[in-house]
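Student: A single structure is presented below for examination.
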Protein chains: 2
Amino acid sequence: MTNNRFFSFVGGNSGPWRVTKIAAVTGEGLKDVDRLDVINDKLDSPPPNAPWMLRGVTSYQRYVNSAEHQQLAAVQPQLDRPEATRAALIPIKKSESWWHLSQDQRRRIFEERSAHIATGLKYLPAVARRLHHSYDLGEPFDFLTWFEYAPEHAADFEALVSELRQTEEWQYVTREVDLRLERA
Amino acid sequence: MTNNRFFSFVGGNSGPWRVTKIAAVTGEGLKDVDRLDVINDKLDSPPPNAPWMLRGVTSYQRYVNSAEHQQLAAVQPQLDRPEATRAALIPIKKSESWWHLSQDQRRRIFEERSAHIATGLKYLPAVARRLHHSYDLGEPFDFLTWFEYAPEHAADFEALVSELRQTEEWQYVTREVDLRLERA
């Protein structure tokens, strides 16, 4: 059952990331914790003393076309850059009406009308990102997006998040939590 | 962790479906069993005496556009029709090169060049179908497709399977098993 595309994000009192903010943006939030651990495996249950755990899997791209893929590949940075001491974990859940749309309808909202990919591109290579899919795992959120950036790009990251939240795509978001972190 | 989109297919000596054939089409096969049980839940491990278990989750459509969705919805039958006493379970795995393609490249191969949706439409409403996704669950196969049909449509079903296996899309299939079943 385990493969290396699985990640478990554990909120508790250990791990390399100190939690600086946990905000409920839409819907129910997550219990306050001091630390976040990121484990490249699918845990069956949260470790002792960890109030919560969120799991996701990296996967094939659902909306990016090949021209966009090449643009992204040319500029996207790796995770774990030494200067990237800030991180964010943004779990989101989308409505059933989103998931009932056909592929072309979702793509049209995602990119042609909300410019999700184009907006992300503007903030590269400052912000490194990894997307984890959770919808098909039966998890409370549909996506877990992990971001890493240097302190001097914190304002850029705020702008990115703010732009995306104003899009038509975000009208389908029924739950969103925003966690900010610093390397401990 | 459980939700009703999960299905577990259990090969063993119990269940409502008698196995009439288990053929390895490409790559490694599956151990011979007498019966198949279809459980609308995600089992953690196979029940006692069951040599294997395959799990998948029904999900949002990955390639179907809205016009195709409407065409399909107009003619696709429900599962569990009393006359549909034959069934097939066809687990397939695709290559890493398939999963590394962008969405538009996969769609082009899937439909514009392989006519996967159009081919399926020709055999509706004779053949009922449910697709289960397994790639993001870390399972040995990427898809489990379940079909139900009446004995008088058995030849149609053979034609459908044969047509799909000759497509460009099927060149990406690295493992395929073909199980045929009769209601016991």
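The way I read the labels, and the way they are meant: chains A, B, ... in the order of the structure tokens, residue 1 as the first residue of every chain, and ligand 1 as the first ligand shown, with later ones counted on from there.
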Residues within 8 Å of B:Asn65, please, as a PyMOL selection string. Count only C-alpha atoms; anything in the same chain fewer than 4 positions from it doesn't count.
Tutor: (chain A and resi 102-105) or (chain B and resi 69)
Student: Counting only C-alpha atoms, what are the residues of chain B within 12 Å of chain A, and for each of them which pair of atoms is the nearest and at what distance in Å, to one decimal? Sort the table by chain and rising number, as a tab-separated table.
Tutor:
```
residue	atom	partner	partner_atom	distance
B:Met1	CA	A:Gly138	CA	5.4
B:Thr2	CA	A:Gly138	CA	6.4
B:Asn3	CA	A:Gly138	CA	6.0
B:Asn4	CA	A:Gly138	CA	9.1
B:Arg5	CA	A:Gly138	CA	8.3
B:Phe6	CA	A:Gly138	CA	8.5
B:Phe7	CA	A:Asp136	CA	11.8
B:Asp41	CA	A:Gly138	CA	11.1
B:Lys42	CA	A:Gly138	CA	10.0
B:Leu43	CA	A:Met1	CA	11.8
B:Asp44	CA	A:Met1	CA	9.5
B:Ser45	CA	A:Met1	CA	10.1
B:Met53	CA	A:Met1	CA	12.0
B:Leu54	CA	A:Met1	CA	11.2
B:Arg55	CA	A:Met1	CA	10.5
B:Gly56	CA	A:Asp136	CA	9.0
B:Val57	CA	A:Asp136	CA	6.5
B:Thr58	CA	A:Asp136	CA	8.0
B:Ser59	CA	A:Asp136	CA	6.8
B:Tyr60	CA	A:Trp99	CA	5.7
B:Gln61	CA	A:Ser102	CA	6.4
B:Arg62	CA	A:Gln103	CA	5.8
B:Tyr63	CA	A:Gln103	CA	5.7
B:Val64	CA	A:Gln103	CA	6.1
B:Asn65	CA	A:Asp104	CA	5.2
B:Ser66	CA	A:Ser102	CA	5.2
B:Ala67	CA	A:Ser102	CA	8.9
B:Glu68	CA	A:Ser102	CA	9.0
B:His69	CA	A:Ser102	CA	7.1
B:Gln70	CA	A:Ser102	CA	9.9
B:Glu96	CA	A:Tyr60	CA	9.8
B:Ser97	CA	A:Tyr60	CA	10.7
B:Trp98	CA	A:Tyr60	CA	9.3
B:Trp99	CA	A:Tyr60	CA	5.7
B:His100	CA	A:Tyr60	CA	6.6
B:Leu101	CA	A:Ser66	CA	7.7
B:Ser102	CA	A:Ser66	CA	5.2
B:Gln103	CA	A:Asn65	CA	5.6
B:Asp104	CA	A:Asn65	CA	5.2
B:Gln105	CA	A:Ser66	CA	7.1
B:Arg106	CA	A:Asn65	CA	9.6
B:Arg107	CA	A:Gln103	CA	10.0
B:Arg108	CA	A:Asn65	CA	11.1
B:His132	CA	A:Asp136	CA	10.2
B:His133	CA	A:Asp136	CA	8.1
B:Ser134	CA	A:Asp136	CA	8.8
B:Tyr135	CA	A:Ser59	CA	8.4
B:Asp136	CA	A:Val57	CA	6.5
B:Leu137	CA	A:Leu137	CA	7.0
B:Gly138	CA	A:Met1	CA	5.4
B:Glu139	CA	A:Met1	CA	6.4
B:Pro140	CA	A:Met1	CA	8.9
B:Phe141	CA	A:Met1	CA	11.7
B:Asp142	CA	A:Ser59	CA	11.9
```
Student: I need the helix (DSSP H, G or I) residues of stretch 76-132 of chain A per DSSP on the backbone, written as a list of chain:residue names.
Tutor: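 Going through stretch 76-132 of chain A, the helix (DSSP H, G or I) residues come out as A:Glu96, A:Ser97, A:Trp98, A:Trp99, A:His100, A:Gln103, A:Asp104, A:Gln105, A:Arg106, A:Arg107, A:Arg108, A:Ile109, A:Phe110, A:Glu111, A:Glu112, A:Arg113, A:His116, A:Ile117, A:Ala118, A:Thr119, A:Gly120, A:Leu121, A:Lys122.
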Student: Could you pull out the residues in stretch 60-122 of chain B that DSSP calls strand (DSSP E or B) from the backbone, as an mmCIF file with N, CA, C and O atoms, in the first residue's frame?
Tutor:
```
data_model
loop_
_atom_site.group_PDB
_atom_site.id
_atom_site.type_symbol
_atom_site.label_atom_id
_atom_site.label_comp_id
_atom_site.auth_asym_id
_atom_site.auth_seq_id
_atom_site.Cartn_x
_atom_site.Cartn_y
_atom_site.Cartn_z
ATOM 1 N N ARG B 86 -23.996 -11.673 -16.890
ATOM 2 C CA ARG B 86 -22.564 -11.794 -17.179
ATOM 3 C C ARG B 86 -21.871 -10.525 -16.720
ATOM 4 O O ARG B 86 -22.458 -9.431 -16.786
ATOM 5 N N ALA B 87 -20.626 -10.691 -16.298
ATOM 6 C CA ALA B 87 -19.844 -9.518 -15.901
ATOM 7 C C ALA B 87 -18.395 -9.723 -16.293
ATOM 8 O O ALA B 87 -17.964 -10.845 -16.616
ATOM 9 N N ALA B 88 -17.659 -8.648 -16.311
ATOM 10 C CA ALA B 88 -16.206 -8.714 -16.536
ATOM 11 C C ALA B 88 -15.551 -7.701 -15.611
ATOM 12 O O ALA B 88 -16.100 -6.629 -15.347
ATOM 13 N N LEU B 89 -14.382 -8.077 -15.107
ATOM 14 C CA LEU B 89 -13.533 -7.137 -14.361
ATOM 15 C C LEU B 89 -12.209 -7.088 -15.108
ATOM 16 O O LEU B 89 -11.560 -8.124 -15.290
ATOM 17 N N ILE B 90 -11.849 -5.889 -15.578
ATOM 18 C CA ILE B 90 -10.605 -5.756 -16.346
ATOM 19 C C ILE B 90 -9.695 -4.739 -15.666
ATOM 20 O O ILE B 90 -9.846 -3.538 -15.837
ATOM 21 N N PRO B 91 -8.765 -5.247 -14.841
ATOM 22 C CA PRO B 91 -7.775 -4.367 -14.214
ATOM 23 C C PRO B 91 -6.659 -4.048 -15.204
ATOM 24 O O PRO B 91 -6.159 -4.955 -15.885
ATOM 25 N N ILE B 92 -6.293 -2.790 -15.321
ATOM 26 C CA ILE B 92 -5.155 -2.434 -16.177
ATOM 27 C C ILE B 92 -4.216 -1.467 -15.445
ATOM 28 O O ILE B 92 -4.614 -0.719 -14.563
ATOM 29 N N LYS B 93 -2.972 -1.545 -15.864
ATOM 30 C CA LYS B 93 -1.938 -0.614 -15.390
ATOM 31 C C LYS B 93 -1.325 0.033 -16.617
ATOM 32 O O LYS B 93 -1.096 -0.635 -17.620
ATOM 33 N N LYS B 94 -1.076 1.329 -16.540
ATOM 34 C CA LYS B 94 -0.439 2.025 -17.654
ATOM 35 C C LYS B 94 1.000 2.385 -17.286
ATOM 36 O O LYS B 94 1.369 2.449 -16.114
#
```
Student: List the spatial neighbours of stretch 72-81 of chain A as a PyMOL selection string - criterion: any atom at most 7 Å away, only C-alpha atoms, same-chain residues fewer than 3 positions off excluded.
Tutor: chain A and resi 68-69+84+121+124-125+128+148
Student: For a test of reading the model, state the distance in Å between atom CA of B:Ala155 and atom CA of B:Ser14, rounded to one decimal.
Tutor: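 Spanning atom CA of B:Ala155 to atom CA of B:Ser14 is a straight-line distance of 27.5 Å.
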Student: Check the smallest atom-to-atom distance from each of B:His116, B:Lys31, B:Arg129, B:Lys21 to B:Gln166 using only C-alpha atoms, then report the winner.
Tutor: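 Of the candidates, the smallest distance to B:Gln166 is held by B:His116.
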Student: I'd like the contact shell of B:Ala24 - 7 Å cut-off, only C-alpha atoms, skipping same-chain residues fewer than 2 positions apart - returned as a PDB file with N, CA, C and O atoms, in the first residue's frame.
Tutor:
```pdb
ATOM      1  N   ILE B  22      -9.941 -16.340 -15.984  1.00  0.00           N
ATOM      2  CA  ILE B  22      -8.964 -15.317 -15.546  1.00  0.00           C
ATOM      3  C   ILE B  22      -7.792 -15.414 -16.496  1.00  0.00           C
ATOM      4  O   ILE B  22      -7.036 -16.386 -16.448  1.00  0.00           O
ATOM      5  N   THR B  26      -1.712  -8.941 -20.600  1.00  0.00           N
ATOM      6  CA  THR B  26      -0.374  -8.345 -20.672  1.00  0.00           C
ATOM      7  C   THR B  26       0.243  -8.420 -19.282  1.00  0.00           C
ATOM      8  O   THR B  26      -0.403  -8.043 -18.306  1.00  0.00           O
ATOM      9  N   GLY B  27       1.457  -8.899 -19.204  1.00  0.00           N
ATOM     10  CA  GLY B  27       2.137  -8.951 -17.907  1.00  0.00           C
ATOM     11  C   GLY B  27       1.581 -10.033 -16.999  1.00  0.00           C
ATOM     12  O   GLY B  27       0.889 -10.954 -17.447  1.00  0.00           O
ATOM     13  N   GLU B  28       1.866  -9.877 -15.717  1.00  0.00           N
ATOM     14  CA  GLU B  28       1.521 -10.881 -14.719  1.00  0.00           C
ATOM     15  C   GLU B  28       0.008 -11.009 -14.527  1.00  0.00           C
ATOM     16  O   GLU B  28      -0.696  -9.995 -14.483  1.00  0.00           O
ATOM     17  N   GLY B  29      -0.460 -12.250 -14.398  1.00  0.00           N
ATOM     18  CA  GLY B  29      -1.885 -12.496 -14.184  1.00  0.00           C
ATOM     19  C   GLY B  29      -2.278 -12.385 -12.725  1.00  0.00           C
ATOM     20  O   GLY B  29      -1.587 -11.754 -11.916  1.00  0.00           O
ATOM     21  N   GLU B 176      -2.453  -6.129 -17.889  1.00  0.00           N
ATOM     22  CA  GLU B 176      -3.906  -6.232 -18.048  1.00  0.00           C
ATOM     23  C   GLU B 176      -4.323  -7.661 -17.753  1.00  0.00           C
ATOM     24  O   GLU B 176      -3.701  -8.606 -18.233  1.00  0.00           O
ATOM     25  N   VAL B 177      -5.359  -7.798 -16.944  1.00  0.00           N
ATOM     26  CA  VAL B 177      -5.943  -9.101 -16.655  1.00  0.00           C
ATOM     27  C   VAL B 177      -7.408  -9.041 -17.059  1.00  0.00           C
ATOM     28  O   VAL B 177      -8.042  -7.982 -16.951  1.00  0.00           O
ATOM     29  N   ASP B 178      -7.924 -10.140 -17.563  1.00  0.00           N
ATOM     30  CA  ASP B 178      -9.314 -10.166 -18.028  1.00  0.00           C
ATOM     31  C   ASP B 178     -10.056 -11.251 -17.248  1.00  0.00           C
ATOM     32  O   ASP B 178      -9.779 -12.438 -17.410  1.00  0.00           O
TER      33      ASP B 178
END
```
Student: Residues at most 12 Å from A:Ser162, counting only C-alpha atoms, excluding those fewer than 5 positions away in the same chain, as a PyMOL selection string?
Tutor: chain A and resi 25+116+119-120+155-157+167+170+178
Student: Export C-alpha atoms of the chosen residues as a PDB file, in the first residue's frame?
Tutor:
```pdb
ATOM      1  CA  VAL A  25     -10.307  30.843   5.657  1.00  0.00           C
ATOM      2  CA  HIS A 116      -4.506  29.460 -11.945  1.00  0.00           C
ATOM      3  CA  THR A 119      -0.856  33.298 -11.770  1.00  0.00           C
ATOM      4  CA  GLY A 120       1.423  30.667 -10.259  1.00  0.00           C
ATOM      5  CA  ALA A 155       4.903  39.585   0.359  1.00  0.00           C
ATOM      6  CA  ASP A 156       4.948  37.906  -3.071  1.00  0.00           C
ATOM      7  CA  PHE A 157       3.470  34.797  -1.536  1.00  0.00           C
ATOM      8  CA  THR A 167     -10.938  33.836  -8.846  1.00  0.00           C
ATOM      9  CA  TRP A 170     -12.277  29.731  -5.628  1.00  0.00           C
ATOM     10  CA  ASP A 178      -4.126  28.479   5.847  1.00  0.00           C
TER      11      ASP A 178
END
```
Student: Between atom CA of A:Arg165 and atom CA of A:Pro151, what is the spacing in Å?
Tutor: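 Atom CA of A:Arg165 lies 21.8 Å from atom CA of A:Pro151.
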Student: Ranking A:Leu164, A:Glu158, A:Leu30, A:Leu131 by minimum distance to A:Phe110 and counting only C-alpha atoms, which one comes first?
Tutor: A:Leu164
Student: Skipping near chain neighbours, those fewer than 5 positions away, what residues fall within 9 Å of A:Trp17 using only C-alpha atoms, listed as a PDB file with N, CA, C and O atoms, in the first residue's frame?
Tutor:
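Saved result, out_35.pdb, follows:
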```
ATOM      1  N   ASP A  34       1.740  23.317  17.648  1.00  0.00           N
ATOM      2  CA  ASP A  34       3.009  24.053  17.666  1.00  0.00           C
ATOM      3  C   ASP A  34       3.910  23.720  16.482  1.00  0.00           C
ATOM      4  O   ASP A  34       4.644  24.555  15.991  1.00  0.00           O
ATOM      5  N   ARG A  35       3.859  22.453  16.082  1.00  0.00           N
ATOM      6  CA  ARG A  35       4.786  22.007  15.043  1.00  0.00           C
ATOM      7  C   ARG A  35       4.066  21.206  13.967  1.00  0.00           C
ATOM      8  O   ARG A  35       3.006  20.630  14.202  1.00  0.00           O
ATOM      9  N   LEU A  36       4.717  21.160  12.811  1.00  0.00           N
ATOM     10  CA  LEU A  36       4.217  20.318  11.716  1.00  0.00           C
ATOM     11  C   LEU A  36       5.347  19.395  11.268  1.00  0.00           C
ATOM     12  O   LEU A  36       6.478  19.843  11.044  1.00  0.00           O
ATOM     13  N   ASP A  37       5.012  18.136  11.122  1.00  0.00           N
ATOM     14  CA  ASP A  37       5.962  17.182  10.564  1.00  0.00           C
ATOM     15  C   ASP A  37       5.440  16.745   9.195  1.00  0.00           C
ATOM     16  O   ASP A  37       4.228  16.594   9.003  1.00  0.00           O
ATOM     17  N   VAL A  38       6.352  16.589   8.238  1.00  0.00           N
ATOM     18  CA  VAL A  38       5.973  16.188   6.886  1.00  0.00           C
ATOM     19  C   VAL A  38       6.639  14.852   6.619  1.00  0.00           C
ATOM     20  O   VAL A  38       7.868  14.763   6.551  1.00  0.00           O
ATOM     21  N   ARG A  86      10.588  29.780   5.069  1.00  0.00           N
ATOM     22  CA  ARG A  86       9.152  29.929   5.309  1.00  0.00           C
ATOM     23  C   ARG A  86       8.412  28.892   4.478  1.00  0.00           C
ATOM     24  O   ARG A  86       8.852  28.531   3.373  1.00  0.00           O
ATOM     25  N   ALA A  87       7.291  28.430   5.019  1.00  0.00           N
ATOM     26  CA  ALA A  87       6.463  27.483   4.261  1.00  0.00           C
ATOM     27  C   ALA A  87       5.003  27.764   4.546  1.00  0.00           C
ATOM     28  O   ALA A  87       4.660  28.490   5.495  1.00  0.00           O
ATOM     29  N   LEU A 181       4.348  28.587   8.310  1.00  0.00           N
ATOM     30  CA  LEU A 181       5.386  27.861   9.063  1.00  0.00           C
ATOM     31  C   LEU A 181       6.755  28.493   8.874  1.00  0.00           C
ATOM     32  O   LEU A 181       7.025  29.123   7.845  1.00  0.00           O
ATOM     33  N   GLU A 182       7.594  28.261   9.863  1.00  0.00           N
ATOM     34  CA  GLU A 182       9.011  28.640   9.778  1.00  0.00           C
ATOM     35  C   GLU A 182       9.854  27.445  10.158  1.00  0.00           C
ATOM     36  O   GLU A 182       9.510  26.715  11.093  1.00  0.00           O
ATOM     37  N   ARG A 183      10.949  27.312   9.462  1.00  0.00           N
ATOM     38  CA  ARG A 183      11.852  26.220   9.788  1.00  0.00           C
ATOM     39  C   ARG A 183      12.351  26.398  11.219  1.00  0.00           C
ATOM     40  O   ARG A 183      12.825  27.470  11.582  1.00  0.00           O
ATOM     41  N   ALA A 184      12.205  25.358  12.053  1.00  0.00           N
ATOM     42  CA  ALA A 184      12.527  25.482  13.490  1.00  0.00           C
ATOM     43  C   ALA A 184      14.028  25.354  13.705  1.00  0.00           C
ATOM     44  O   ALA A 184      14.722  24.714  12.937  1.00  0.00           O
TER      45      ALA A 184
END
```
